[in-house]
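Asker: Next comes coords.txt, compact mmCIF, C-alpha atoms:
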# COMPACT_ATOMS: atom_id res chain seq x y z
CA MET A 1 103.28 81.03 82.92
CA LYS A 2 99.79 82.41 82.92
CA LEU A 3 100.11 83.35 86.63
CA GLY A 4 102.98 85.81 85.91
CA ARG A 5 101.01 87.60 83.21
CA GLY A 6 98.13 88.34 85.54
CA ARG A 7 100.32 90.54 87.75
CA ARG A 8 101.80 92.42 84.84
CA GLY A 9 98.59 94.30 83.99
CA PRO A 10 98.35 96.28 87.26
CA LEU A 11 102.11 97.00 87.10
CA VAL A 12 101.80 98.47 83.60
CA VAL A 13 98.89 100.63 84.73
CA ALA A 14 100.81 101.85 87.79
CA VAL A 15 103.86 102.71 85.69
CA ALA A 16 101.66 104.55 83.16
CA VAL A 17 100.05 106.59 85.95
CA VAL A 18 103.44 107.53 87.45
CA VAL A 19 104.90 108.49 84.05
CA THR A 20 101.82 110.59 83.19
CA ALA A 21 101.95 112.38 86.56
CA ALA A 22 105.68 113.10 86.14
CA LEU A 23 105.06 114.45 82.64
CA VAL A 24 102.27 116.77 83.84
CA VAL A 25 104.40 118.08 86.73
CA GLY A 26 107.40 118.57 84.41
CA LEU A 27 105.32 120.49 81.87
CA TYR A 28 103.87 122.68 84.63
CA LEU A 29 107.28 123.51 86.09
CA PHE A 30 109.30 124.01 82.92
CA GLN A 31 106.61 125.40 80.58
CA PRO A 32 108.76 124.54 77.53
CA TRP A 33 106.29 126.09 75.08
CA LYS A 34 107.35 129.53 76.34
CA LEU A 35 110.76 129.05 74.72
CA TRP A 36 109.02 129.55 71.37
CA GLN A 37 106.68 132.36 72.45
CA ASP A 38 108.05 135.90 72.31
CA GLU A 39 106.23 138.69 74.10
CA THR A 40 107.31 142.09 72.79
CA VAL A 41 106.56 145.24 74.80
CA SER A 42 106.96 148.76 73.36
CA GLU A 43 106.36 151.24 76.17
CA ALA A 44 107.38 154.87 75.91
CA LEU A 45 109.13 156.50 78.84
CA PRO A 46 106.28 157.69 81.08
CA ALA A 47 105.55 161.39 81.33
CA ALA A 48 105.11 162.82 84.80
CA LEU A 49 103.47 166.00 85.98
CA PRO A 50 105.62 168.72 87.57
CA ALA A 51 105.48 168.98 91.37
CA ALA A 52 102.49 170.93 92.65
CA PRO A 53 103.08 174.03 94.80
CA SER A 54 102.68 173.43 98.53
CA ALA A 55 101.47 175.73 101.32
CA SER A 56 103.98 176.61 104.03
CA PRO A 57 103.01 176.85 107.73
CA SER A 58 102.73 180.64 107.35
CA GLY A 59 100.14 180.15 104.62
CA THR A 60 102.27 181.32 101.72
CA VAL A 61 102.50 179.11 98.69
CA SER A 62 105.92 177.96 97.64
CA ALA A 63 107.03 175.50 95.03
CA ALA A 64 108.86 172.38 96.16
CA PRO A 65 112.42 172.14 94.89
CA ALA A 66 111.89 171.39 91.24
CA PRO A 67 113.36 168.20 89.86
CA PRO A 68 114.56 168.41 86.27
CA ALA A 69 111.78 169.24 83.79
CA VAL A 70 112.79 166.31 81.62
CA PRO A 71 113.51 162.71 82.62
CA GLN A 72 117.08 162.22 83.79
CA THR A 73 119.01 158.93 83.60
CA LEU A 74 120.76 158.43 86.95
CA THR A 75 122.37 155.01 86.43
CA GLN A 76 122.55 152.54 83.59
CA GLY A 77 124.17 149.32 82.48
CA SER A 78 124.17 146.68 79.75
CA PHE A 79 122.82 143.19 80.32
CA ILE A 80 125.09 140.18 80.29
CA SER A 81 123.84 136.65 79.77
CA HIS A 82 123.49 134.11 82.53
CA GLU A 83 121.18 131.08 82.20
CA HIS A 84 119.84 132.43 78.86
CA ASP A 85 121.20 134.83 76.23
CA THR A 86 120.19 138.31 77.38
CA THR A 87 120.98 141.71 75.82
CA GLY A 88 119.72 145.26 76.25
CA THR A 89 120.13 148.18 78.60
CA ALA A 90 118.75 148.91 82.07
CA LYS A 91 118.37 152.52 83.24
CA VAL A 92 117.17 154.10 86.46
CA VAL A 93 115.37 157.27 85.38
CA ARG A 94 114.12 160.15 87.53
CA LEU A 95 110.93 161.57 86.05
CA ALA A 96 109.89 165.22 86.13
CA ASP A 97 107.72 164.63 89.23
CA GLY A 98 110.68 163.17 91.17
CA SER A 99 109.50 159.55 90.94
CA HIS A 100 111.79 156.85 89.56
CA VAL A 101 111.36 154.07 87.03
CA LEU A 102 113.57 151.26 85.89
CA ARG A 103 113.58 151.32 82.10
CA LEU A 104 114.63 148.31 80.06
CA GLU A 105 115.53 149.22 76.49
CA GLY A 106 116.17 146.83 73.65
CA LEU A 107 115.68 143.86 75.97
CA ASP A 108 116.08 140.50 74.28
CA THR A 109 116.03 137.35 76.41
CA SER A 110 114.32 133.98 76.46
CA ASN A 111 110.82 133.67 77.77
CA GLY A 112 110.32 131.47 80.78
CA PRO A 113 108.17 130.65 83.78
CA ASP A 114 107.76 133.21 86.57
CA LEU A 115 110.29 135.82 85.38
CA ARG A 116 110.72 138.88 87.62
CA VAL A 117 112.60 142.18 87.40
CA TRP A 118 114.78 142.77 90.45
CA LEU A 119 116.91 145.63 91.74
CA THR A 120 119.68 144.01 93.79
CA ASP A 121 122.81 144.78 95.76
CA ALA A 122 124.68 141.81 94.25
CA PRO A 123 127.68 142.24 91.98
CA VAL A 124 127.18 141.14 88.40
CA LYS A 125 129.44 138.17 87.66
CA GLU A 126 130.08 136.54 84.30
CA GLY A 127 129.30 132.88 83.71
CA VAL A 128 127.78 130.26 85.97
CA ALA A 129 129.22 132.00 89.07
CA GLY A 130 126.73 134.83 88.52
CA TRP A 131 123.58 132.78 87.99
CA ARG A 132 122.40 132.44 91.58
CA VAL A 133 123.86 135.40 93.54
CA PHE A 134 121.00 137.88 93.29
CA ASP A 135 118.83 136.44 96.06
CA ASP A 136 121.78 136.17 98.49
CA GLY A 137 121.56 139.75 99.68
CA LYS A 138 119.20 142.69 99.42
CA TYR A 139 116.78 142.88 96.50
CA VAL A 140 113.42 144.37 95.61
CA SER A 141 111.09 142.84 93.04
CA LEU A 142 109.61 145.42 90.67
CA GLY A 143 107.12 142.91 89.28
CA LYS A 144 106.73 140.27 86.62
CA LEU A 145 108.68 140.73 83.41
CA LYS A 146 106.15 142.27 81.00
CA GLY A 147 107.75 140.74 77.92
CA ASN A 148 110.98 139.08 76.93
CA LYS A 149 111.64 141.61 74.17
CA GLY A 150 111.38 145.37 73.74
CA ASP A 151 111.23 148.51 75.84
CA GLN A 152 109.44 148.54 79.19
CA ASN A 153 109.13 150.52 82.42
CA TYR A 154 108.89 149.40 86.04
CA GLU A 155 107.90 151.83 88.77
CA ILE A 156 110.39 151.97 91.63
CA PRO A 157 108.58 152.42 94.97
CA ALA A 158 109.24 155.78 96.64
CA ASP A 159 110.62 154.12 99.80
CA VAL A 160 113.43 152.35 97.89
CA ASN A 161 116.84 153.88 98.61
CA LEU A 162 118.49 153.66 95.18
CA ALA A 163 121.96 153.90 96.76
CA ASP A 164 121.40 150.41 98.22
CA TYR A 165 121.09 148.73 94.81
CA SER A 166 123.81 148.29 92.21
CA SER A 167 122.36 145.87 89.67
CA VAL A 168 119.28 144.64 87.85
CA ALA A 169 118.46 140.97 87.28
CA ILE A 170 115.90 139.19 85.13
CA TRP A 171 115.18 136.54 87.74
CA CYS A 172 113.40 133.22 87.28
CA ASP A 173 111.62 132.84 90.61
CA ARG A 174 110.57 129.28 89.88
CA PHE A 175 114.15 127.99 89.50
CA ASP A 176 116.07 130.66 91.48
CA VAL A 177 118.33 131.61 88.60
CA SER A 178 119.23 134.77 86.71
CA PHE A 179 118.50 134.84 82.98
CA GLY A 180 120.67 137.97 82.68
CA ALA A 181 121.83 140.96 84.71
CA ALA A 182 123.14 144.51 84.34
CA GLU A 183 125.47 146.36 86.66
CA LEU A 184 124.29 149.93 87.20
CA ALA A 185 126.82 152.75 86.96
CA LYS A 186 126.32 156.51 87.09
CA ALA A 187 125.17 157.86 83.74
Could you take the file, read its structure, and then write that structure out as structure tokens?

Answerer:
Amino acid sequence: MKLGRGRRGPLVVAVAVVVTAALVVGLYLFQPWKLWQDETVSEALPAALPAAPSASPSGTVSAAPAPPAVPQTLTQGSFISHEHDTTGTAKVVRLADGSHVLRLEGLDTSNGPDLRVWLTDAPVKEGVAGWRVFDDGKYVSLGKLKGNKGDQNYEIPADVNLADYSSVAIWCDRFDVSFGAAELAKA
């Protein structure tokens, strides 16, 4: 009987090492503590300077066609929940200088690992069918989600053709799943 016990010690150590490694990897991937950490962002809509006059080839100064003097909402939509309860509004806004931002207002979702804000061409679908569609087609990442609650702005690069994108997703890049999404319609 004493011979069997001698082998048991290294087995217990090996199992303990494997369990500890699995726990560390699981904590790194899932970051469960974020479920209890809210990050609230309260950004105002950015102000932009009016377009500067430009010189024509003949040397005369003319003003570029003036965009509206105040920010203008082009498209907007309300978030629906996917993997996590998500509410709020997404708006594509043209600023006075002609640049565009995606504005999230009243956002309320769960926190999580590696959350991104995406403009996509995917249709917004209710339920589990809509969780994983946003990386199937065309999308552009506007950056990491600044906070899981509040009002926030994301600059849309000038080379993005807004007509190519019809929705916004709060995308978990680590697990390839949408926390929530909003279909954009003309305002």

Asker: Find the residues near Tyr154 (chain A): any atom within 12 Å, counting only C-alpha atoms, skip ones fewer than 6 places away on the same chain, and give them as an MDAnalysis selection string.

Answerer: chainID A and resid 43:46 90:93 99:105 116:119 140:147 168

Asker: Could you tell me which of A:Leu23, A:Leu107, A:Leu74, A:Ala185 comes closest to Asp38 (chain A) if we count all atoms listed in the file?

Answerer: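 Of all the options, A:Leu107 lies closest to Asp38 (chain A).
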
Asker: What separation in Å, quoted to one decimal, exists between CA of Asp151 (chain A) and CA of Val133 (chain A)?

Answerer: 25.4 Å

Asker: Skip Lys138 (chain A) itself and residues of its chain fewer than 5 positions away, then list as a list in words all residues within 12 Å of it, counting all atoms listed in the file.

Answerer: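 Neighbouring residues, sequence-local ones excluded: Trp118, Leu119, Thr120, Asp121, Ala122, Pro123, Val133, Val160, Asn161, Leu162, Ala163, Asp164, Tyr165, Ser166, Ser167 and Val168 of chain A.
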
Asker: Here is a test: counting only C-alpha atoms, which residue of A:Asp135, A:Thr40, A:Ala96, A:Gly127 is nearest to Val70 (chain A)?

Answerer: A:Ala96

Asker: Identify which of the residues A:Leu115, A:Val128, A:Leu95, A:Ala169 lies closest to Glu155 (chain A), counting all atoms listed in the file when measuring atom-to-atom distances.

Answerer: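 Closest to Glu155 (chain A) of all the choices is A:Leu95.
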
Asker: Excluding same-chain residues fewer than 6 positions from Gly88 (chain A), what lies within 9 Å of it counting all atoms listed in the file, as a ChimeraX atom specification?

Answerer: /A:77-80,104-109,150,182

Asker: May I ask for the distance between CA of Ser110 (chain A) and CA of Gln152 (chain A), given in Å to one decimal place?

Answerer: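 CA of Ser110 (chain A) sits 15.6 Å away from CA of Gln152 (chain A).
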
Asker: Taking into account all atoms listed in the file, which residue in the set A:Asn148, A:Asp173, A:Leu184, A:Gly98 is nearest to Val41 (chain A)?

Answerer: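 For Val41 (chain A), the nearest of the candidates is A:Asn148.
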
Asker: Separation of CA of Gly180 (chain A) and CA of Ala47 (chain A), in Å?

Answerer: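 Result for CA of Gly180 (chain A) versus CA of Ala47 (chain A): 27.9 Å, one decimal.
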
Asker: Smallest atom-to-atom distance to Phe134 (chain A): which of A:Gln72, A:Gly9, A:Glu39, A:Ala181, using only C-alpha atoms?

Answerer: A:Ala181

Asker: My list of candidates is A:Lys186, A:Ile170, A:Arg8, A:Ser42. Which is closest to Asn153 (chain A) when distances are computed with all atoms listed in the file?

Answerer: A:Ser42
